[in-house]
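A.B. asks: entry_32.pdb is the file, holding PDB, C-alpha atoms:
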ATOM      1  CA  MET A 431      12.832   6.723   8.643
ATOM      2  CA  PRO A 432      14.859   3.561   9.352
ATOM      3  CA  MET A 433      13.233   0.374  10.553
ATOM      4  CA  ASN A 434      14.641  -1.729  13.333
ATOM      5  CA  ASP A 435      16.957  -4.573  12.281
ATOM      6  CA  ASP A 436      14.453  -7.229  13.322
ATOM      7  CA  ALA A 437      11.724  -5.982  10.966
ATOM      8  CA  SER A 438      12.557  -8.456   8.215
ATOM      9  CA  ARG A 439      12.146 -11.321  10.682
ATOM     10  CA  GLN A 440       8.656 -10.299  11.724
ATOM     11  CA  ASP A 441       5.378 -10.668   9.898
ATOM     12  CA  TRP A 442       4.972  -7.520   7.821
ATOM     13  CA  ARG A 443       1.234  -7.451   8.532
ATOM     14  CA  GLU A 444       2.084  -6.462  12.100
ATOM     15  CA  LEU A 445       4.636  -3.736  11.385
ATOM     16  CA  ASP A 446       4.545  -0.761  13.708
ATOM     17  CA  GLU A 447       5.966   1.442  10.958
ATOM     18  CA  PRO A 448       3.606   3.487   8.794
ATOM     19  CA  LEU A 449       2.916   1.730   5.508
ATOM     20  CA  THR A 450       0.742   1.915   2.457
ATOM     21  CA  LEU A 451       0.694  -1.226   0.346
ATOM     22  CA  THR A 452      -1.236  -1.180  -2.918
ATOM     23  CA  VAL A 453      -1.829  -4.103  -5.260
ATOM     24  CA  VAL A 454      -2.625  -3.106  -8.836
ATOM     25  CA  THR A 455      -4.054  -5.557 -11.350
ATOM     26  CA  GLY A 456      -4.286  -5.189 -15.115
ATOM     27  CA  LEU A 457      -1.528  -2.603 -15.643
ATOM     28  CA  ALA A 458       2.210  -2.651 -16.359
ATOM     29  CA  ALA A 459       4.727  -1.375 -13.821
ATOM     30  CA  THR A 460       5.875   1.375 -16.214
ATOM     31  CA  ASP A 461       2.289   2.626 -16.539
ATOM     32  CA  VAL A 462       1.811   2.630 -12.769
ATOM     33  CA  ALA A 463       5.096   4.511 -12.255
ATOM     34  CA  ALA A 464       4.209   7.099 -14.898
ATOM     35  CA  ARG A 465       0.728   7.611 -13.392
ATOM     36  CA  LEU A 466       2.343   8.079  -9.995
ATOM     37  CA  GLY A 467       4.413  10.865 -11.556
ATOM     38  CA  VAL A 468       7.854   9.258 -11.625
ATOM     39  CA  ASP A 469      10.159   8.414 -14.504
ATOM     40  CA  PRO A 470       9.837   4.621 -14.878
ATOM     41  CA  SER A 471      13.489   4.341 -15.971
ATOM     42  CA  ASN A 472      14.946   6.373 -13.102
ATOM     43  CA  SER A 473      14.868   4.265  -9.937
ATOM     44  CA  GLU A 474      17.217   2.801  -7.379
ATOM     45  CA  ALA A 475      16.777  -0.738  -6.036
ATOM     46  CA  VAL A 476      16.714  -0.670  -2.228
ATOM     47  CA  ARG A 477      15.194  -2.714   0.561
ATOM     48  CA  PHE A 478      12.123  -1.537   2.481
ATOM     49  CA  GLY A 479      14.068  -0.593   5.610
ATOM     50  CA  GLU A 480      16.676   1.363   3.642
ATOM     51  CA  VAL A 481      14.360   3.688   1.737
ATOM     52  CA  TRP A 482      15.044   6.633   4.044
ATOM     53  CA  ASP A 483      18.665   5.786   5.006
ATOM     54  CA  GLY A 484      20.801   8.898   4.654
ATOM     55  CA  ARG A 485      17.881  10.942   3.395
ATOM     56  CA  ASP A 486      15.786  13.622   5.025
ATOM     57  CA  TYR A 487      12.143  12.790   5.529
ATOM     58  CA  ASP A 488      10.022  15.935   5.217
ATOM     59  CA  ALA A 489       6.468  14.472   5.010
ATOM     60  CA  VAL A 490       5.929  16.455   1.807
ATOM     61  CA  HIS A 491       8.081  14.456  -0.614
ATOM     62  CA  LEU A 492       7.445  10.754  -0.175
ATOM     63  CA  ALA A 493       8.950   7.558  -1.554
ATOM     64  CA  ALA A 494       7.414   4.643  -3.388
ATOM     65  CA  GLN A 495       8.701   1.262  -4.404
ATOM     66  CA  ILE A 496       7.025  -0.299  -7.441
ATOM     67  CA  ASP A 497       7.606  -3.938  -8.241
ATOM     68  CA  GLU A 498       5.902  -6.894  -9.898
ATOM     69  CA  LEU A 499       4.824 -10.026  -8.060
ATOM     70  CA  ASP A 500       2.897 -12.917  -9.594
ATOM     71  CA  GLY A 501       1.342 -10.817 -12.355
ATOM     72  CA  HIS A 502       0.390  -7.902 -10.097
ATOM     73  CA  ILE A 503       2.089  -4.561  -9.567
ATOM     74  CA  VAL A 504       2.766  -3.713  -5.933
ATOM     75  CA  ILE A 505       3.289  -0.143  -4.729
ATOM     76  CA  ILE A 506       5.101  -0.115  -1.393
ATOM     77  CA  GLU A 507       5.218   3.139   0.565
ATOM     78  CA  PRO A 508       7.380   3.017   3.678
ATOM     79  CA  ASN A 509       6.096   5.857   5.856
ATOM     80  CA  GLY A 510       3.975   7.141   3.009
ATOM     81  CA  TRP A 511       0.364   7.730   2.116
ATOM     82  CA  LEU A 512       0.321   8.683  -1.565
ATOM     83  CA  MET A 513      -2.258   6.044  -2.434
ATOM     84  CA  THR A 514      -4.695   7.216   0.257
ATOM     85  CA  ALA A 515      -5.699  10.142  -1.992
ATOM     86  CA  ASP A 516      -8.853   9.139  -3.849
ATOM     87  CA  THR A 517      -7.879  11.086  -6.973
ATOM     88  CA  ARG A 518      -4.538   9.289  -7.156
ATOM     89  CA  ALA A 519      -6.128   5.855  -6.594
ATOM     90  CA  GLU A 520      -8.691   6.622  -9.283
ATOM     91  CA  ARG A 521      -6.003   7.735 -11.754
ATOM     92  CA  ILE A 522      -3.801   4.698 -11.115
ATOM     93  CA  SER A 523      -6.700   2.227 -11.485
ATOM     94  CA  VAL A 524      -7.911   3.378 -14.925
ATOM     95  CA  GLY A 525      -7.870   0.281 -17.133
ATOM     96  CA  GLY A 526      -7.343  -2.000 -14.135
ATOM     97  CA  SER A 527      -8.041  -2.222 -10.430
ATOM     98  CA  LEU A 528      -6.305  -1.643  -7.140
ATOM     99  CA  VAL A 529      -6.652  -2.505  -3.499
ATOM    100  CA  SER A 530      -4.719  -0.333  -1.081
ATOM    101  CA  VAL A 531      -4.182  -0.732   2.668
ATOM    102  CA  TYR A 532      -2.706   1.994   4.854
ATOM    103  CA  TRP A 533      -1.863   2.384   8.521
ATOM    104  CA  ASN A 534       0.292   4.690  10.603
ATOM    105  CA  VAL A 535       1.614   4.862  14.169
ATOM    106  CA  ASN A 536      -1.465   6.825  15.309
ATOM    107  CA  ALA A 537      -3.891   4.023  14.315
ATOM    108  CA  VAL A 538      -5.091   5.987  11.303
ATOM    109  CA  MET A 539      -6.085   3.353   8.740
ATOM    110  CA  ARG A 540      -7.711   3.134   5.333
ATOM    111  CA  VAL A 541      -8.673   0.444   2.833
ATOM    112  CA  THR A 542      -9.374   1.641  -0.703
ATOM    113  CA  VAL A 543     -10.711  -0.421  -3.599
ATOM    114  CA  ALA A 544     -10.803   1.172  -7.060
ATOM    115  CA  ILE A 545     -11.870  -0.306 -10.372
ATOM    116  CA  ASP A 546     -11.245   1.378 -13.713
ATOM    117  CA  GLY A 547     -10.943   4.885 -12.311
ATOM    118  CA  ARG A 548     -13.709   4.703  -9.711
ATOM    119  CA  ILE A 549     -13.523   4.173  -5.944
ATOM    120  CA  VAL A 550     -15.985   1.363  -5.192
ATOM    121  CA  ARG A 551     -15.106   0.916  -1.517
ATOM    122  CA  SER A 552     -13.139   2.962   1.006
ATOM    123  CA  PHE A 553     -13.311   2.617   4.775
ATOM    124  CA  ASP A 554     -11.413   2.762   8.053
ATOM    125  CA  PRO A 555     -10.704  -0.805   9.266
ATOM    126  CA  LEU A 556     -10.529   0.338  12.900
ATOM    127  CA  LEU A 557     -13.554   2.640  12.869
ATOM    128  CA  TYR A 558     -15.511   0.234  10.712
ATOM    129  CA  GLU A 559     -18.933   1.555  11.741
ATOM    130  CA  HIS A 560     -18.086   5.088  10.587
ATOM    131  CA  PRO A 561     -19.335   6.343   7.233
ATOM    132  CA  ALA A 562     -17.597   4.753   4.270
ATOM    133  CA  VAL A 563     -17.661   4.818   0.498
ATOM    134  CA  GLY A 564     -19.591   1.937  -1.039
ATOM    135  CA  GLU A 565     -21.337  -0.986   0.558
ATOM    136  CA  PRO A 566     -19.351  -3.712   2.351
ATOM    137  CA  LEU A 567     -17.981  -6.261  -0.075
ATOM    138  CA  PRO A 568     -18.791  -9.968   0.329
ATOM    139  CA  GLU A 569     -15.056 -10.573   0.930
ATOM    140  CA  GLU A 570     -15.260  -8.448   4.118
ATOM    141  CA  THR A 571     -17.545 -11.005   5.745
ATOM    142  CA  ASP A 572     -16.085 -12.557   8.909
ATOM    143  CA  LEU A 573     -13.027 -10.273   9.045
ATOM    144  CA  PRO A 574     -12.423  -8.626  12.447
ATOM    145  CA  PHE A 575     -12.781  -5.008  11.351
ATOM    146  CA  GLY A 576     -13.421  -2.657  14.244
ATOM    147  CA  GLU A 577     -11.463  -4.827  16.689
ATOM    148  CA  PRO A 578      -8.304  -3.078  17.959
ATOM    149  CA  GLY A 579      -5.235  -5.211  17.407
ATOM    150  CA  SER A 580      -6.809  -7.114  14.513
ATOM    151  CA  CYS A 581      -7.455  -4.419  11.927
ATOM    152  CA  GLN A 582      -4.114  -4.462  10.101
ATOM    153  CA  ARG A 583      -4.289  -8.210   9.545
ATOM    154  CA  ALA A 584      -7.947  -7.941   8.529
ATOM    155  CA  ALA A 585      -7.127  -5.224   5.968
ATOM    156  CA  VAL A 586      -4.329  -7.330   4.489
ATOM    157  CA  GLU A 587      -6.556 -10.412   4.437
ATOM    158  CA  LEU A 588      -9.186  -8.437   2.517
ATOM    159  CA  GLN A 589      -6.507  -7.280   0.070
ATOM    160  CA  GLN A 590      -5.465 -10.906  -0.445
ATOM    161  CA  ARG A 591      -9.054 -12.056  -0.936
ATOM    162  CA  LEU A 592      -9.730  -9.355  -3.518
ATOM    163  CA  THR A 593      -6.487  -9.712  -5.493
ATOM    164  CA  GLY A 594      -5.518 -13.345  -4.955
ATOM    165  CA  LEU A 595      -1.991 -12.135  -4.132
ATOM    166  CA  GLN A 596      -0.203 -13.177  -0.970
ATOM    167  CA  ILE A 597       2.848 -11.140  -0.075
ATOM    168  CA  ASP A 598       5.378 -12.650   2.279
ATOM    169  CA  SER A 599       7.686 -10.750   4.605
ATOM    170  CA  ARG A 600      10.850 -11.891   2.850
ATOM    171  CA  TRP A 601       9.694 -10.489  -0.513
ATOM    172  CA  LEU A 602       8.393  -7.240   0.967
ATOM    173  CA  LEU A 603      11.111  -6.455   3.510
ATOM    174  CA  ASP A 604      14.290  -8.227   2.382
ATOM    175  CA  GLN A 605      14.222  -7.985  -1.403
ATOM    176  CA  PRO A 606      15.376  -4.747  -3.055
ATOM    177  CA  HIS A 607      12.616  -3.039  -5.041
ATOM    178  CA  PRO A 608      12.787  -0.222  -7.630
ATOM    179  CA  THR A 609      12.415   2.920  -5.536
ATOM    180  CA  TRP A 610      11.660   6.563  -6.254
ATOM    181  CA  ARG A 611      12.024   9.347  -3.673
ATOM    182  CA  GLY A 612      10.816  12.930  -3.632
ATOM    183  CA  ILE A 613       7.303  12.301  -4.929
ATOM    184  CA  PRO A 614       5.168  15.296  -3.933
ATOM    185  CA  THR A 615       2.127  14.521  -1.768
TER     186      THR A 615
END
I need this file expressed as structure tokens, please.

C.D. replies:
Amino acid sequence: MPMNDDASRQDWRELDEPLTLTVVTGLAATDVAARLGVDPSNSEAVRFGEVWDGRDYDAVHLAAQIDELDGHIVIIEPNGWLMTADTRAERISVGGSLVSVYWNVNAVMRVTVAIDGRIVRSFDPLLYEHPAVGEPLPEETDLPFGEPGSCQRAAVELQQRLTGLQIDSRWLLDQPHPTWRGIPT
């Protein structure tokens, strides 16, 4: 699913495209790739907006980009939702931690926080008052969850607060990242 040409010039936190972005701490990229079910040595470096160029998107076999940034491993899923599965987030986080944010074009959203194989917090940033896993974290204080138009930025801000990692649009959208396609959902 190609992005428009102006995507790399906009703030990625306001992308209209579906995205899951997961920050993993305490693990190596090869371990994360293997736990995701891909061969760590068999990837192709492509930019975010080129992941689906010339390829059929079937919503059953997704793509993930796995790269390192400032001591963290970042899993980027253009139009994907692999890391929204609790079992997958638990498996990936064993021996470390992860914070994942997801949104799609239908305003379906999810924030997941896992530590050493256990989901400690999972909630919908838009429907913030709905049942969630775990109690609100202190880092959620003062973020505009539940306010339409602010939830994506709030989810990313929470991810930054919890991981200490700030991801800029140039790194995420313009830089090629190791990419695997055909990962079963």

A.B. asks: Where does the PyMOL selection byres ((chain A and resi 567) around 12) land in this file, that is, which residues does it pick, as a list in words?

C.D. replies: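 Selected by the PyMOL selection byres ((chain A and resi 567) around 12) in this file: Val541, Thr542, Val543, Val550, Arg551, Ser552, Phe553, Ala562, Val563, Gly564, Glu565, Pro566, Pro568, Glu569, Glu570, Thr571, Asp572, Leu573, Leu588, Gln589, Arg591 and Leu592 of chain A.
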
A.B. asks: Keeping C-alpha atoms for every residue in the selection just given, could you write it to a file as a PDB file, in the coordinates of the input?

C.D. replies:
ATOM      1  CA  VAL A 541      -8.673   0.444   2.833  1.00  0.00           C
ATOM      2  CA  THR A 542      -9.374   1.641  -0.703  1.00  0.00           C
ATOM      3  CA  VAL A 543     -10.711  -0.421  -3.599  1.00  0.00           C
ATOM      4  CA  VAL A 550     -15.985   1.363  -5.192  1.00  0.00           C
ATOM      5  CA  ARG A 551     -15.106   0.916  -1.517  1.00  0.00           C
ATOM      6  CA  SER A 552     -13.139   2.962   1.006  1.00  0.00           C
ATOM      7  CA  PHE A 553     -13.311   2.617   4.775  1.00  0.00           C
ATOM      8  CA  ALA A 562     -17.597   4.753   4.270  1.00  0.00           C
ATOM      9  CA  VAL A 563     -17.661   4.818   0.498  1.00  0.00           C
ATOM     10  CA  GLY A 564     -19.591   1.937  -1.039  1.00  0.00           C
ATOM     11  CA  GLU A 565     -21.337  -0.986   0.558  1.00  0.00           C
ATOM     12  CA  PRO A 566     -19.351  -3.712   2.351  1.00  0.00           C
ATOM     13  CA  PRO A 568     -18.791  -9.968   0.329  1.00  0.00           C
ATOM     14  CA  GLU A 569     -15.056 -10.573   0.930  1.00  0.00           C
ATOM     15  CA  GLU A 570     -15.260  -8.448   4.118  1.00  0.00           C
ATOM     16  CA  THR A 571     -17.545 -11.005   5.745  1.00  0.00           C
ATOM     17  CA  ASP A 572     -16.085 -12.557   8.909  1.00  0.00           C
ATOM     18  CA  LEU A 573     -13.027 -10.273   9.045  1.00  0.00           C
ATOM     19  CA  LEU A 588      -9.186  -8.437   2.517  1.00  0.00           C
ATOM     20  CA  GLN A 589      -6.507  -7.280   0.070  1.00  0.00           C
ATOM     21  CA  ARG A 591      -9.054 -12.056  -0.936  1.00  0.00           C
ATOM     22  CA  LEU A 592      -9.730  -9.355  -3.518  1.00  0.00           C
TER      23      LEU A 592
END

A.B. asks: Name the residues in contact with A:Thr460 at a cut-off of 12 Å, using all atoms listed in the file, excluding same-chain residues fewer than 5 positions from it; report them as a PyMOL selection string.

C.D. replies: chain A and resi 465-473+496-498+503-505+522+608

A.B. asks: Pick from A:Leu451, A:Trp482, A:Asn536, A:Arg583: nearest to A:Thr514, with all atoms listed in the file counted?

C.D. replies: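 Closest to A:Thr514 of all the choices is A:Leu451.
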
A.B. asks: What lies within 8 Å of A:Gly612 using only C-alpha atoms, ignoring chain neighbours under 5 positions off, as a short mmCIF file (atom, residue, chain, number, x, y, z; two decimals) with C-alpha atoms, keeping the file's coordinate frame?

C.D. replies:
data_model
loop_
_atom_site.label_atom_id
_atom_site.label_comp_id
_atom_site.auth_asym_id
_atom_site.auth_seq_id
_atom_site.Cartn_x
_atom_site.Cartn_y
_atom_site.Cartn_z
CA HIS A 491 8.08 14.46 -0.61
CA LEU A 492 7.44 10.75 -0.18
CA ALA A 493 8.95 7.56 -1.55
#

A.B. asks: Once the PyMOL selection byres ((chain A and resi 586) around 12) has been evaluated on this model, what residues remain selected, and can you format them as a ChimeraX atom specification?

C.D. replies: /A:441-445,449-453,529-533,539-542,555,569-570,573-575,580-585,587-598

A.B. asks: Suppose you want the space between atom CA of A:Leu557 and atom CA of A:Glu577; what is it in Å?

C.D. replies: 8.6 Å

A.B. asks: Take every atom of stretch 473-483 of chain A listed in the file, pad by 5 Å on each side, and give me the axis-aligned box centre and edge lengths in Å, one decimal, as lines of an AutoDock Vina configuration file.

C.D. replies:
center_x = 15.4
center_y = 2.0
center_z = -2.2
size_x = 16.5
size_y = 19.3
size_z = 25.5

A.B. asks: Here's the selection I'm unsure about, the PyMOL selection byres ((chain A and resi 489) around 12); applied to the file above, which residues does it give, as a list in words?

C.D. replies: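 Those residues are Met431, Pro448, Trp482, Asp486, Tyr487, Asp488, Val490, His491, Leu492, Ala493, Pro508, Asn509, Gly510, Trp511, Leu512, Arg611, Gly612, Ile613, Pro614 and Thr615 of chain A.
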
A.B. asks: Would you mind telling me which residue in A:Ile506, A:Val538, A:Ala463, A:Val524 lies nearest to A:Ala494 when using only C-alpha atoms?

C.D. replies: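 Looking at the shortest contact to A:Ala494, the residue is A:Ile506.
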
A.B. asks: Between atom CA of A:Leu528 and atom CA of A:Leu602, measure the distance and give it in Å to one decimal.

C.D. replies: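 Between atom CA of A:Leu528 and atom CA of A:Leu602 the gap works out to 17.7 Å.
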
A.B. asks: Grab the atom CA of A:His502 to atom CA of A:Val462 distance for me, in Å with one decimal place.

C.D. replies: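 One can read the atom CA of A:His502 to atom CA of A:Val462 distance as 11.0 Å.
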
A.B. asks: Using all atoms listed in the file, which residue out of A:Val535, A:Leu556, A:Ala544, A:Val476 lies closest to A:His607?

C.D. replies: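 Among the listed residues, the smallest separation from A:His607 belongs to A:Val476.
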
A.B. asks: Just checking: using all atoms listed in the file, which residue out of A:Ala537, A:Val481, A:Leu499, A:Ile545 ends up closest to A:Asp516?

C.D. replies: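 Using all atoms listed in the file, A:Asp516 sits closest to A:Ile545.
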
A.B. asks: Which residue, A:Gly501, A:Gly526, A:Pro578, A:Pro606, has the smallest gap to A:Asp554 when you use all atoms listed in the file?

C.D. replies: A:Pro578
